Protein chains: 2
Amino acid sequence: MRRSIYVAVILSLPFAARSDEGMWTVDNFPSDQVADKYNVNVDEEWLRSAQLSTARLENGCTGSFSSADGLVLTNNHCVWGCIRNLSSDERNLSDEGFVASSREEELQCPGQQISVLLELDNVTDDIVSVTRGLADADANEARKARLTDLESACEDAADGKLRCEAVTLYNGGQYFIYTYERYDDVRLVFAPELDIAAFGGDPDNFNFPRWCLDMSFLRVYEDGKPASTPNYLRWREGGPRDAEPVFIAGHPGATNRLLTTSQLRMLRDDVIPLWLLRYSELRGRMLAWQNSSPEAARIVQQRILGIENGIKVRRNQLKALHDDDMMAIKADEETRLRDAVAADPRLQEAYGDAWELIDGAIEAHRNMYEEHLFIENTAAFNSDLFNYARTIVRGIVERGRPNNERLRAYTDAALPQIEQGLLSARPVNKDYEKLTLGFSLEKMREWLGPDSRYVRQILGKESPESLAARLVDNSHLDDAGYRETLWKGDEKALRESSDPMIQLALAIDPDARALRKSYENTVEAPRSRGEEKIADARFQIYGTDTYPDATFTLRVTYGAVEGWEERGEMLTPFTHTDRLFERATGQRPFSLPASWSRAREDLNPDTPFNFSLTTDITGGNSGSPIVAGDGTLVGLAFDGNIHSIAGGYWFKQSNNRAVGVSTSIILEALDVVYGADHLLDELTVVH
Amino acid sequence: MRRSIYVAVILSLPFAARSDEGMWTVDNFPSDQVADKYNVNVDEEWLRSAQLSTARLENGCTGSFSSADGLVLTNNHCVWGCIRNLSSDERNLSDEGFVASSREEELQCPGQQISVLLELDNVTDDIVSVTRGLADADANEARKARLTDLESACEDAADGKLRCEAVTLYNGGQYFIYTYERYDDVRLVFAPELDIAAFGGDPDNFNFPRWCLDMSFLRVYEDGKPASTPNYLRWREGGPRDAEPVFIAGHPGATNRLLTTSQLRMLRDDVIPLWLLRYSELRGRMLAWQNSSPEAARIVQQRILGIENGIKVRRNQLKALHDDDMMAIKADEETRLRDAVAADPRLQEAYGDAWELIDGAIEAHRNMYEEHLFIENTAAFNSDLFNYARTIVRGIVERGRPNNERLRAYTDAALPQIEQGLLSARPVNKDYEKLTLGFSLEKMREWLGPDSRYVRQILGKESPESLAARLVDNSHLDDAGYRETLWKGDEKALRESSDPMIQLALAIDPDARALRKSYENTVEAPRSRGEEKIADARFQIYGTDTYPDATFTLRVTYGAVEGWEERGEMLTPFTHTDRLFERATGQRPFSLPASWSRAREDLNPDTPFNFSLTTDITGGNSGSPIVAGDGTLVGLAFDGNIHSIAGGYWFKQSNNRAVGVSTSIILEALDVVYGADHLLDELTVVH
């Protein structure tokens, strides 16, 4: 047992691949290992096909193409924002579900964007050359400016038709420019009712066995017509088989497996507890507030589930970081790397100070953590209206600067996405805004203290609640037209605006920027330099047969359909429809929609529903296609088991499992429950 | 620096007394050290006088006598329950404050009890002799039965006029029977408005500088007349002086300084995070719910402050336990003790297995922690009505058993206090009950999982909210008369009751008792045995010049009026009235009551208000008298600084400070703000 844990966590050594560990980039996939272990030939063509049939949802998810007409399969929980924006008191798409019976009925999701990765260009040498010899803070700025320039050059070369984004891999060991095709007209095609999509709600979240039809269809449009997407996946009717090798392509969001132990301790001591305390309270406020009206319930229903998901993730992350045995293994691994560096004078000269650089950055970060979080990172301003204000205030200033001198969030490459988010019309509920803004202002006071200069400046003689009410009631930023007017105006017009949220964002901006600058120079710069050095040292000592931490960029993982042992008992990897009905209580989150109750007799009780698999995934992989060795779609990733959460720090083959929806139940539900023959006709189903 | 920390935490060595560390029992006070360091002669007479003028509030606080007529000084926050029970929509004593202008106007606090410690009887040899040679579980039962018998014998010897309670010190190193005079007619005499008593609210809680008039007067009655309390404290008009030696007598609730490092880790990993997550959410629910009506606001106002206090305590406890340097010092200390035991074959034979016993208990506890917490320790049933039901259900069964075979909470010695709590009339707000019960049932499902047998039994097909509503709406346990009828009835009548809360308590009781039994046998028994062994080993190796962890029993601490260094800056130990008015914003929790705004011109801006001191106290000391070397009252303890929270695990002389209200501001406020001449006349004020 001890040995298997040990093998699992020494990520940087080639034999780590004995387990199914690794979120691999498509340019460095361990095809030989997969061939050895699973007898599947994953060649360049296979990977290229997986890449082009997989899509990134810019709100933090993955999808895949299911037809040549732009049909995108993803999770239901990946389109909750869209569903909420399209719902009203008269038409609650979350409760009722949605089936567009023709393309004319498909509804545009405000602000939704979907991207497909086309090319990867390694620019590591370029970046290293522009930062060489510079002091840390200067190197940090030079690196950002160069990445901005490279993005611009890439977009110019494509005549502005493609999107180019800088990507940092191995915490600075590699830099890339990724080129994407981006769709910004995305429409809702199909969504089941929340009660079946998220059956079991928060109690079942991250648990298995499980019965969730967590799927939806979107469609990408170009020039008002369904986009042409020739790279799409065929569906296997019966879903995956027990023990079958399977692959997941997708965009895992973030892991922290390459962090130093001191960085992990900062997560344990500062970052995660503060988040958990804030969001547990917000969860309670929302749960109580939702009883105030049906509209309130509709507005917060999915947001509560989202917060509950975040709480479950972080409390299990904290639990993982309290595992002193695993932390000792991480510390051993770190010691071995440091010893290997110290043993070679050349390496010691180049990389020996990496850990001190990082520890210095941590010390600096701890000293400003709360202030930076609340003021610059806007944890004090939990408000869509404030976010609009901050974006407008910063955007107007930044776009007046040369492209490579701007904040990276406001470069020419980033502006189209900003405008898409800022200018699309979305409903704003002012009572909800007051709830979240009042809450976050109070948390600011709680954590910075009532005598903090920031707190005194922001609150003055007002209470968090009264200030929130005044700001929200008097702001016009809920009006997309007003936002557009400000955005298209100049700085003078902005400063003359009487909108109190704009005025707050303006008033706090100098302090916020000062905190940002201090963070960049004293935290980010030495940390980046230290992380680059550690990454280089790893490459030199262990070679390049490794994978980088997740960065919401395309990765391919492999594994097999498999259960695991829980408290001495083996869990089988499949659930079936029969137990869904047995488990339904009629009370949320264990109630079934009427459509399912009606269809009960017509559904096959033995249809595989959800399943578990050993592939190494994390948040951001939601909606990822699960494909068999031959490239056919057999399932849809939507979750992991409870042990998968520790996967943020290390991968344990013994119990880390992804959880997916079988194509078998999706196909049956489309047919029997929803009568969505037109969608079934659009799919290519194989046996 | 390192050295001073080191000295501070090796609690068991005599030279720990070089700091002001220690919550000392009156029979083992380090008078010589105090004479050496502070030149104050604390002799037996001094201690006896402190003992008899100090009182224990059975709801978890301390008080002291201020006149021969039973006048008790304590904190305002110690009487919030009383104030809430006496308030109504028409008369909000929390907002308005309360001044009884004559004894006839003094209002009885429902269920409040106050005790004075009279005698301490060391029964360690007796207990050791009845448990010697028994297996752990048998020893655990035999110990409890013997303690019950000793309590009974003690009360019989006093003709039932006194209360006798078993006390465990040094985690089992010593056993005592403490004899108390107990008053169960306690009346509210004076309380300032909440806005001045808790000025600064949660933001200022555990902070300093500070401006809180956190005081109240109660009075104990006997036979309908003010009790005679000849042992009372004289007040010093000017309060304490800078650097003056001071003493605090009181009933500190609980510290964990003698725990093993494995026990501390269980607090860090399991106990504290679970508590914080639950109560942060409940805080949010209450904050949102209080907006539903003025009555709701009145009912939860102080409860929210109480929860916020608990959150601040535990988040700083977690922070302390994340201090790996301090934990390493604790581990070193433990290793030294274990090495000393191992070095002596006689000690090794007697005590060598102590740590394995405790670690086994922890392992067993972790495996049942959530189930035991939610089902037996009623975390699933956050409801006054359920608590009544549990008390009635258990009490009726238990009182039918021989006294020394009962659960310890239901012995003859305990029954009067149970009845006082159960049968006194107190308002129950059913909406509030639904809020807290629905919340706690949902947390039960969250932490035990929807498939837990307990969860399935309790919820059936209902949701937490619907079950809570049904139970609360249909229960009559809010009626004290109904409770009395059930309590005075027999088990048959109880089982025939149609009250759904009684039926729930009955239904869950076999499972709850089974969990309790399992906990007692597999957790409590080996832990108690292990802790006893460690305590004995400490006595044998380090001697008896030490103090036990706090157990809500009488302790005396010493120290001096002193500020501390915070981020390189020395804080002075006193605040004064002038800054109170400068800091007031008019918005809660920084608003002042009208009485103070009116009196502003008449108050001396230079009057000392709150002050900090080095004495080692903790929760339960709230309301403790702070006395000078000559025994005069100079202040009233009400809080500690933020660093004092780590005092649960170790004492740092450098920054652990208690915080008190100076008698100077209390006397001036009674005079100038409240015109309470009759109270001033009752006090004995010296200059």
# chains A, B, ... in the order shown; residues from 1 in each chain; ligands from 1
>>> closest_atom_pairs(of="chain A", to="chain B", cutoff="8 Å", atoms="only C-alpha atoms", output="tab-separated table")
residue	atom	partner	partner_atom	distance
A:Asp202	CA	B:Glu446	CA	7.7
A:Pro203	CA	B:Glu446	CA	5.4
A:Asp204	CA	B:Pro450	CA	7.6
A:Asp269	CA	B:His322	CA	6.1
A:Leu276	CA	B:Leu277	CA	7.1
A:Leu277	CA	B:Ser280	CA	6.0
A:Arg278	CA	B:Ser280	CA	7.7
A:Ser280	CA	B:Glu281	CA	4.7
A:Glu281	CA	B:Glu281	CA	4.3
A:Leu282	CA	B:Gly284	CA	5.9
A:Arg283	CA	B:Glu281	CA	6.2
A:Gly284	CA	B:Gly284	CA	4.3
A:Arg285	CA	B:Gly284	CA	4.3
A:Met286	CA	B:Arg285	CA	7.5
A:Leu287	CA	B:Arg285	CA	6.7
A:Ala288	CA	B:Arg285	CA	5.1
A:Trp289	CA	B:Ala288	CA	6.0
A:Lys319	CA	B:Asp269	CA	6.6
A:His322	CA	B:Asp269	CA	6.1
A:Arg445	CA	B:Pro203	CA	7.0
A:Glu446	CA	B:Pro203	CA	5.4
A:Gly449	CA	B:Pro203	CA	6.3
A:Pro450	CA	B:Pro203	CA	6.4
A:Lys461	CA	B:Thr585	CA	5.0
A:Glu462	CA	B:Gln587	CA	6.4
A:Ser463	CA	B:Gln587	CA	5.8
A:Thr585	CA	B:Lys461	CA	4.9
A:Gly586	CA	B:Lys461	CA	7.2
A:Gln587	CA	B:Ser463	CA	5.8
A:Arg588	CA	B:Ser463	CA	7.1
>>> residues_around(residues="A:Thr553", least_positions_apart="2", cutoff="8 Å", atoms="only C-alpha atoms", output="number ranges by chain")
A: 167, 250-253, 550-551, 555
>>> write_last_selection(atoms="N, CA, C and O atoms", output="PDB file, in the first residue's frame")
ATOM      1  N   VAL A 167       0.142  30.410 -23.256  1.00  0.00           N
ATOM      2  CA  VAL A 167      -0.082  29.336 -22.289  1.00  0.00           C
ATOM      3  C   VAL A 167       1.231  29.055 -21.569  1.00  0.00           C
ATOM      4  O   VAL A 167       2.269  28.886 -22.213  1.00  0.00           O
ATOM      5  N   GLY A 250     -10.033  17.006 -22.922  1.00  0.00           N
ATOM      6  CA  GLY A 250     -10.753  18.116 -22.314  1.00  0.00           C
ATOM      7  C   GLY A 250      -9.823  19.173 -21.771  1.00  0.00           C
ATOM      8  O   GLY A 250      -8.620  19.151 -22.036  1.00  0.00           O
ATOM      9  N   HIS A 251     -10.419  20.104 -21.012  1.00  0.00           N
ATOM     10  CA  HIS A 251      -9.688  21.269 -20.534  1.00  0.00           C
ATOM     11  C   HIS A 251      -9.696  21.335 -19.015  1.00  0.00           C
ATOM     12  O   HIS A 251     -10.373  22.194 -18.441  1.00  0.00           O
ATOM     13  N   PRO A 252      -8.932  20.449 -18.373  1.00  0.00           N
ATOM     14  CA  PRO A 252      -8.880  20.484 -16.904  1.00  0.00           C
ATOM     15  C   PRO A 252      -8.414  21.857 -16.432  1.00  0.00           C
ATOM     16  O   PRO A 252      -7.487  22.433 -16.985  1.00  0.00           O
ATOM     17  N   GLY A 253      -9.068  22.355 -15.379  1.00  0.00           N
ATOM     18  CA  GLY A 253      -8.868  23.747 -14.998  1.00  0.00           C
ATOM     19  C   GLY A 253      -7.570  24.035 -14.278  1.00  0.00           C
ATOM     20  O   GLY A 253      -6.784  24.889 -14.699  1.00  0.00           O
ATOM     21  N   ALA A 550      -2.578  21.164 -14.627  1.00  0.00           N
ATOM     22  CA  ALA A 550      -3.699  21.611 -15.457  1.00  0.00           C
ATOM     23  C   ALA A 550      -3.763  23.133 -15.507  1.00  0.00           C
ATOM     24  O   ALA A 550      -3.507  23.800 -14.514  1.00  0.00           O
ATOM     25  N   THR A 551      -4.086  23.669 -16.693  1.00  0.00           N
ATOM     26  CA  THR A 551      -4.136  25.127 -16.895  1.00  0.00           C
ATOM     27  C   THR A 551      -5.330  25.536 -17.764  1.00  0.00           C
ATOM     28  O   THR A 551      -5.274  26.553 -18.441  1.00  0.00           O
ATOM     29  N   ARG A 555      -5.960  18.710 -22.792  1.00  0.00           N
ATOM     30  CA  ARG A 555      -5.200  17.561 -22.310  1.00  0.00           C
ATOM     31  C   ARG A 555      -5.940  16.281 -22.691  1.00  0.00           C
ATOM     32  O   ARG A 555      -7.166  16.283 -22.855  1.00  0.00           O
TER      33      ARG A 555
END
>>> residues_around(residues="A:Leu613", least_positions_apart="4", cutoff="6 Å", atoms="only C-alpha atoms", output="PyMOL selection string")
chain A and resi 560-562+657-658
>>> select_by_dssp(residues="stretch 538-658 of chain B", states="strand (DSSP E)", output="ChimeraX atom specification")
/B:555-560,564-566,569-571,574-576,608-613,625-628,633-640,658
>>> residues_around(residues="B:Gly172", least_positions_apart="5", cutoff="12 Å", atoms="only C-alpha atoms", output="ChimeraX atom specification")
/B:123-125,127-128,140,143,166-167,258-259,524-525,527-539,548-549,551
>>> write_last_selection(atoms="N, CA, C and O atoms", output="compact mmCIF listing (two decimals), in the first residue's frame")
# COMPACT_ATOMS: atom_id res chain seq x y z
N VAL B 123 -10.33 12.90 45.90
CA VAL B 123 -10.74 11.49 46.00
C VAL B 123 -9.94 10.61 45.02
O VAL B 123 -10.39 9.52 44.66
N THR B 124 -8.79 11.08 44.63
CA THR B 124 -8.01 10.35 43.63
C THR B 124 -7.71 8.92 44.06
O THR B 124 -7.91 7.97 43.28
N ASP B 125 -7.27 8.75 45.29
CA ASP B 125 -6.91 7.40 45.74
C ASP B 125 -8.11 6.46 45.68
O ASP B 125 -7.99 5.30 45.28
N ILE B 127 -10.72 6.64 43.68
CA ILE B 127 -11.04 6.28 42.29
C ILE B 127 -10.01 5.31 41.73
O ILE B 127 -10.35 4.33 41.06
N VAL B 128 -8.76 5.57 42.00
CA VAL B 128 -7.72 4.67 41.50
C VAL B 128 -7.94 3.27 42.04
O VAL B 128 -7.80 2.27 41.32
N ASN B 140 -13.74 2.32 33.06
CA ASN B 140 -14.48 3.53 32.70
C ASN B 140 -15.84 3.54 33.41
O ASN B 140 -16.25 4.55 33.98
N ARG B 143 -15.41 3.80 37.30
CA ARG B 143 -15.04 5.15 37.71
C ARG B 143 -16.27 6.05 37.78
O ARG B 143 -16.49 6.77 38.74
N ALA B 166 -18.41 15.83 40.85
CA ALA B 166 -17.10 15.22 40.60
C ALA B 166 -16.35 16.07 39.59
O ALA B 166 -16.92 16.59 38.64
N VAL B 167 -15.05 16.19 39.82
CA VAL B 167 -14.20 16.99 38.94
C VAL B 167 -12.97 16.17 38.58
O VAL B 167 -12.34 15.58 39.46
N LEU B 258 -2.73 19.84 27.50
CA LEU B 258 -2.13 18.56 27.87
C LEU B 258 -2.42 17.47 26.86
O LEU B 258 -2.04 16.32 27.06
N LEU B 259 -3.09 17.80 25.77
CA LEU B 259 -3.39 16.77 24.77
C LEU B 259 -2.12 16.28 24.09
O LEU B 259 -1.14 17.02 23.97
N GLU B 524 -13.70 6.62 24.74
CA GLU B 524 -13.53 7.24 26.06
C GLU B 524 -12.69 6.38 26.99
O GLU B 524 -11.79 6.90 27.69
N ALA B 525 -12.97 5.08 27.00
CA ALA B 525 -12.29 4.21 27.96
C ALA B 525 -10.78 4.16 27.71
O ALA B 525 -9.99 4.43 28.64
N ARG B 527 -8.99 6.20 26.01
CA ARG B 527 -8.43 7.55 26.12
C ARG B 527 -8.25 7.94 27.58
O ARG B 527 -7.21 8.47 27.97
N SER B 528 -9.28 7.68 28.39
CA SER B 528 -9.18 8.02 29.81
C SER B 528 -8.01 7.30 30.46
O SER B 528 -7.24 7.88 31.22
N ARG B 529 -7.88 6.02 30.15
CA ARG B 529 -6.79 5.24 30.72
C ARG B 529 -5.44 5.82 30.27
O ARG B 529 -4.53 6.00 31.07
N GLY B 530 -5.35 6.11 28.99
CA GLY B 530 -4.10 6.66 28.47
C GLY B 530 -3.79 8.02 29.09
O GLY B 530 -2.65 8.31 29.46
N GLU B 531 -4.80 8.85 29.22
CA GLU B 531 -4.58 10.19 29.77
C GLU B 531 -4.18 10.12 31.25
O GLU B 531 -3.33 10.87 31.72
N GLU B 532 -4.83 9.22 31.98
CA GLU B 532 -4.45 9.02 33.39
C GLU B 532 -2.98 8.64 33.49
O GLU B 532 -2.23 9.15 34.33
N LYS B 533 -2.55 7.75 32.60
CA LYS B 533 -1.16 7.29 32.65
C LYS B 533 -0.20 8.43 32.34
O LYS B 533 0.84 8.58 33.00
N ILE B 534 -0.54 9.23 31.34
CA ILE B 534 0.35 10.34 31.00
C ILE B 534 0.40 11.34 32.16
O ILE B 534 1.47 11.85 32.51
N ALA B 535 -0.76 11.60 32.76
CA ALA B 535 -0.79 12.52 33.89
C ALA B 535 0.09 12.01 35.03
O ALA B 535 0.88 12.76 35.62
N ASP B 536 -0.01 10.72 35.34
CA ASP B 536 0.80 10.15 36.41
C ASP B 536 2.29 10.22 36.06
O ASP B 536 3.12 10.53 36.91
N ALA B 537 2.58 9.91 34.80
CA ALA B 537 3.99 9.95 34.39
C ALA B 537 4.54 11.37 34.55
O ALA B 537 5.66 11.56 35.03
N ARG B 538 3.75 12.37 34.17
CA ARG B 538 4.19 13.75 34.34
C ARG B 538 4.45 14.07 35.82
O ARG B 538 5.45 14.69 36.16
N PHE B 539 3.52 13.68 36.67
CA PHE B 539 3.71 13.94 38.11
C PHE B 539 5.01 13.31 38.59
O PHE B 539 5.78 13.92 39.33
N PRO B 548 -3.68 22.04 35.97
CA PRO B 548 -4.43 21.20 35.03
C PRO B 548 -5.08 22.03 33.92
O PRO B 548 -5.24 23.24 34.05
N ASP B 549 -5.46 21.38 32.83
CA ASP B 549 -6.26 22.06 31.80
C ASP B 549 -7.56 22.56 32.42
O ASP B 549 -8.06 22.02 33.41
N THR B 551 -11.37 23.22 33.18
CA THR B 551 -12.51 22.28 33.22
C THR B 551 -13.78 22.96 33.74
O THR B 551 -14.64 22.30 34.32
>>> atom_distance(atom1="atom CA of A:Glu419", atom2="atom CA of A:Thr391")
9.5 Å
>>> closest_residue(among="B:Ser262, B:Asn387, B:Gln420, B:Thr411", to="B:Gly360", atoms="only C-alpha atoms")
B:Ser262
>>> select_by_dssp(residues="stretch 66-294 of chain A", states="helix (DSSP H, G or I)", output="ChimeraX atom specification")
/A:80-86,93-96,103-105,124-131,136-157,170-172,194-197,201-204,261-292,294
>>> closest_residue(among="A:Ala468, A:Asp214, A:Glu484, A:Val313", to="A:Gly619", atoms="only C-alpha atoms")
A:Val313
>>> atom_distance(atom1="atom CA of A:Asp121", atom2="atom CA of A:Ala157")
13.4 Å
>>> residues_around(residues="B:Asp384", least_positions_apart="6", cutoff="9 Å", atoms="only C-alpha atoms", output="PyMOL selection string")
chain B and resi 428+433+477-478
>>> write_last_selection(atoms="N, CA and C atoms", output="mmCIF file, in the first residue's frame")
data_model
loop_
_atom_site.group_PDB
_atom_site.id
_atom_site.type_symbol
_atom_site.label_atom_id
_atom_site.label_comp_id
_atom_site.auth_asym_id
_atom_site.auth_seq_id
_atom_site.Cartn_x
_atom_site.Cartn_y
_atom_site.Cartn_z
ATOM 1 N N VAL B 428 -40.541 30.091 22.976
ATOM 2 C CA VAL B 428 -40.003 29.337 21.840
ATOM 3 C C VAL B 428 -40.580 29.942 20.571
ATOM 4 N N GLU B 433 -37.127 27.813 15.350
ATOM 5 C CA GLU B 433 -36.903 26.374 15.541
ATOM 6 C C GLU B 433 -36.824 25.639 14.199
ATOM 7 N N LEU B 477 -44.127 20.872 23.016
ATOM 8 C CA LEU B 477 -43.081 20.968 24.038
ATOM 9 C C LEU B 477 -42.677 22.404 24.332
ATOM 10 N N ASP B 478 -43.201 23.358 23.552
ATOM 11 C CA ASP B 478 -42.967 24.757 23.906
ATOM 12 C C ASP B 478 -43.760 25.157 25.148
#
>>> residues_around(residues="B:Arg406", least_positions_apart="2", cutoff="12 Å", atoms="only C-alpha atoms", output="CSV table (one decimal) with N, CA, C and O atoms, in the first residue's frame")
chain,number,residue,atom,x,y,z
B,141,GLU,N,-16.5,2.4,33.4
B,141,GLU,CA,-17.8,2.3,34.0
B,141,GLU,C,-17.7,2.4,35.6
B,141,GLU,O,-18.5,3.1,36.2
B,142,ALA,N,-16.7,1.7,36.1
B,142,ALA,CA,-16.5,1.7,37.5
B,142,ALA,C,-16.2,3.1,38.1
B,142,ALA,O,-16.7,3.5,39.1
B,144,LYS,N,-17.1,6.0,36.7
B,144,LYS,CA,-18.3,6.8,36.7
B,144,LYS,C,-19.2,6.5,37.9
B,144,LYS,O,-19.8,7.3,38.5
B,145,ALA,N,-19.4,5.2,38.1
B,145,ALA,CA,-20.3,4.7,39.1
B,145,ALA,C,-19.8,5.2,40.5
B,145,ALA,O,-20.6,5.7,41.3
B,146,ARG,N,-18.5,5.1,40.7
B,146,ARG,CA,-18.0,5.5,42.0
B,146,ARG,C,-18.1,7.1,42.2
B,146,ARG,O,-18.4,7.5,43.3
B,147,LEU,N,-17.9,7.8,41.1
B,147,LEU,CA,-18.0,9.3,41.2
B,147,LEU,C,-19.5,9.6,41.5
B,147,LEU,O,-19.7,10.5,42.3
B,148,THR,N,-20.4,8.9,40.9
B,148,THR,CA,-21.8,9.2,41.2
B,148,THR,C,-22.1,8.9,42.7
B,148,THR,O,-22.7,9.7,43.4
B,149,ASP,N,-21.5,7.8,43.2
B,149,ASP,CA,-21.8,7.4,44.6
B,149,ASP,C,-21.1,8.5,45.5
B,149,ASP,O,-21.7,8.8,46.6
B,394,ARG,N,-34.9,10.5,28.0
B,394,ARG,CA,-33.8,9.9,28.7
B,394,ARG,C,-34.0,9.9,30.2
B,394,ARG,O,-33.7,9.0,30.9
B,395,GLY,N,-34.5,11.1,30.7
B,395,GLY,CA,-34.7,11.2,32.1
B,395,GLY,C,-35.6,10.2,32.7
B,395,GLY,O,-35.4,9.7,33.8
B,396,ILE,N,-36.7,10.0,32.0
B,396,ILE,CA,-37.7,9.1,32.6
B,396,ILE,C,-37.2,7.6,32.7
B,396,ILE,O,-37.4,7.0,33.6
B,397,VAL,N,-36.4,7.3,31.7
B,397,VAL,CA,-35.8,5.9,31.7
B,397,VAL,C,-34.7,5.9,32.8
B,397,VAL,O,-34.7,5.0,33.6
B,398,GLU,N,-33.9,6.9,32.8
B,398,GLU,CA,-32.7,6.9,33.7
B,398,GLU,C,-33.1,6.9,35.2
B,398,GLU,O,-32.5,6.2,36.0
B,399,ARG,N,-34.1,7.8,35.5
B,399,ARG,CA,-34.3,7.9,36.9
B,399,ARG,C,-35.0,6.7,37.5
B,399,ARG,O,-35.1,6.5,38.7
B,400,GLY,N,-35.4,5.7,36.6
B,400,GLY,CA,-35.9,4.4,37.1
B,400,GLY,C,-34.8,3.5,37.4
B,400,GLY,O,-35.1,2.4,37.9
B,401,ARG,N,-33.6,3.9,37.2
B,401,ARG,CA,-32.5,3.0,37.4
B,401,ARG,C,-31.8,3.3,38.7
B,401,ARG,O,-31.9,4.5,39.2
B,402,PRO,N,-31.0,2.4,39.3
B,402,PRO,CA,-30.2,2.8,40.5
B,402,PRO,C,-29.3,4.0,40.1
B,402,PRO,O,-28.8,4.0,39.0
B,403,ASN,N,-29.1,4.8,41.1
B,403,ASN,CA,-28.4,6.1,40.8
B,403,ASN,C,-27.0,5.9,40.1
B,403,ASN,O,-26.7,6.5,39.2
B,404,ASN,N,-26.3,4.9,40.6
B,404,ASN,CA,-24.9,4.8,40.1
B,404,ASN,C,-24.9,3.9,38.8
B,404,ASN,O,-23.8,3.6,38.3
B,408,ARG,N,-24.4,9.7,33.5
B,408,ARG,CA,-23.9,10.6,34.5
B,408,ARG,C,-24.7,11.9,34.5
B,408,ARG,O,-24.9,12.6,35.5
B,409,ALA,N,-25.3,12.2,33.3
B,409,ALA,CA,-26.1,13.5,33.2
B,409,ALA,C,-27.4,13.4,34.0
B,409,ALA,O,-28.1,14.4,34.2
B,410,TYR,N,-27.8,12.2,34.4
B,410,TYR,CA,-29.1,12.0,35.0
B,410,TYR,C,-29.0,11.5,36.4
B,410,TYR,O,-30.0,10.9,36.9
B,411,THR,N,-27.9,11.7,37.1
B,411,THR,CA,-27.8,11.2,38.5
B,411,THR,C,-28.7,12.1,39.4
B,411,THR,O,-29.1,13.2,39.0
B,412,ASP,N,-28.9,11.6,40.6
B,412,ASP,CA,-29.6,12.4,41.6
B,412,ASP,C,-29.0,13.8,41.8
B,412,ASP,O,-29.7,14.8,41.9
B,413,ALA,N,-27.7,13.9,41.7
B,413,ALA,CA,-27.0,15.2,41.9
B,413,ALA,C,-27.3,16.1,40.7
B,413,ALA,O,-27.3,17.3,40.8
B,414,ALA,N,-27.6,15.5,39.5
B,414,ALA,CA,-27.8,16.3,38.4
B,414,ALA,C,-29.2,16.7,38.1
B,414,ALA,O,-29.5,17.7,37.4
B,415,LEU,N,-30.2,15.9,38.7
B,415,LEU,CA,-31.6,16.1,38.4
B,415,LEU,C,-32.1,17.5,38.7
B,415,LEU,O,-32.9,18.1,37.9
>>> residues_around(residues="stretch 491-495 of chain B", least_positions_apart="2", cutoff="8 Å", atoms="only C-alpha atoms", output="list in words")
Val393, Ile396, Val397, Leu486, Gly489, Ser497, Ile502, Gln503 and Leu506 of chain B
>>> atom_distance(atom1="atom CA of B:Gly70", atom2="atom CA of B:Gln51")
15.3 Å
>>> decode(residues="stretch 41-45 of chain B", atoms="N, CA and C atoms", output="mmCIF file, in the first residue's frame")
data_model
loop_
_atom_site.group_PDB
_atom_site.id
_atom_site.type_symbol
_atom_site.label_atom_id
_atom_site.label_comp_id
_atom_site.auth_asym_id
_atom_site.auth_seq_id
_atom_site.Cartn_x
_atom_site.Cartn_y
_atom_site.Cartn_z
ATOM 1 N N ASN B 41 1.714 38.969 48.328
ATOM 2 C CA ASN B 41 1.599 37.817 49.193
ATOM 3 C C ASN B 41 0.214 37.183 49.052
ATOM 4 N N VAL B 42 0.139 36.119 48.252
ATOM 5 C CA VAL B 42 -1.138 35.425 48.059
ATOM 6 C C VAL B 42 -1.158 34.235 49.012
ATOM 7 N N ASP B 43 -1.747 34.448 50.192
ATOM 8 C CA ASP B 43 -1.760 33.359 51.180
ATOM 9 C C ASP B 43 -3.108 32.644 51.161
ATOM 10 N N GLU B 44 -3.264 31.707 52.059
ATOM 11 C CA GLU B 44 -4.494 30.899 52.062
ATOM 12 C C GLU B 44 -5.732 31.750 52.284
ATOM 13 N N GLU B 45 -5.587 32.725 53.138
ATOM 14 C CA GLU B 45 -6.731 33.594 53.424
ATOM 15 C C GLU B 45 -7.134 34.377 52.173
#
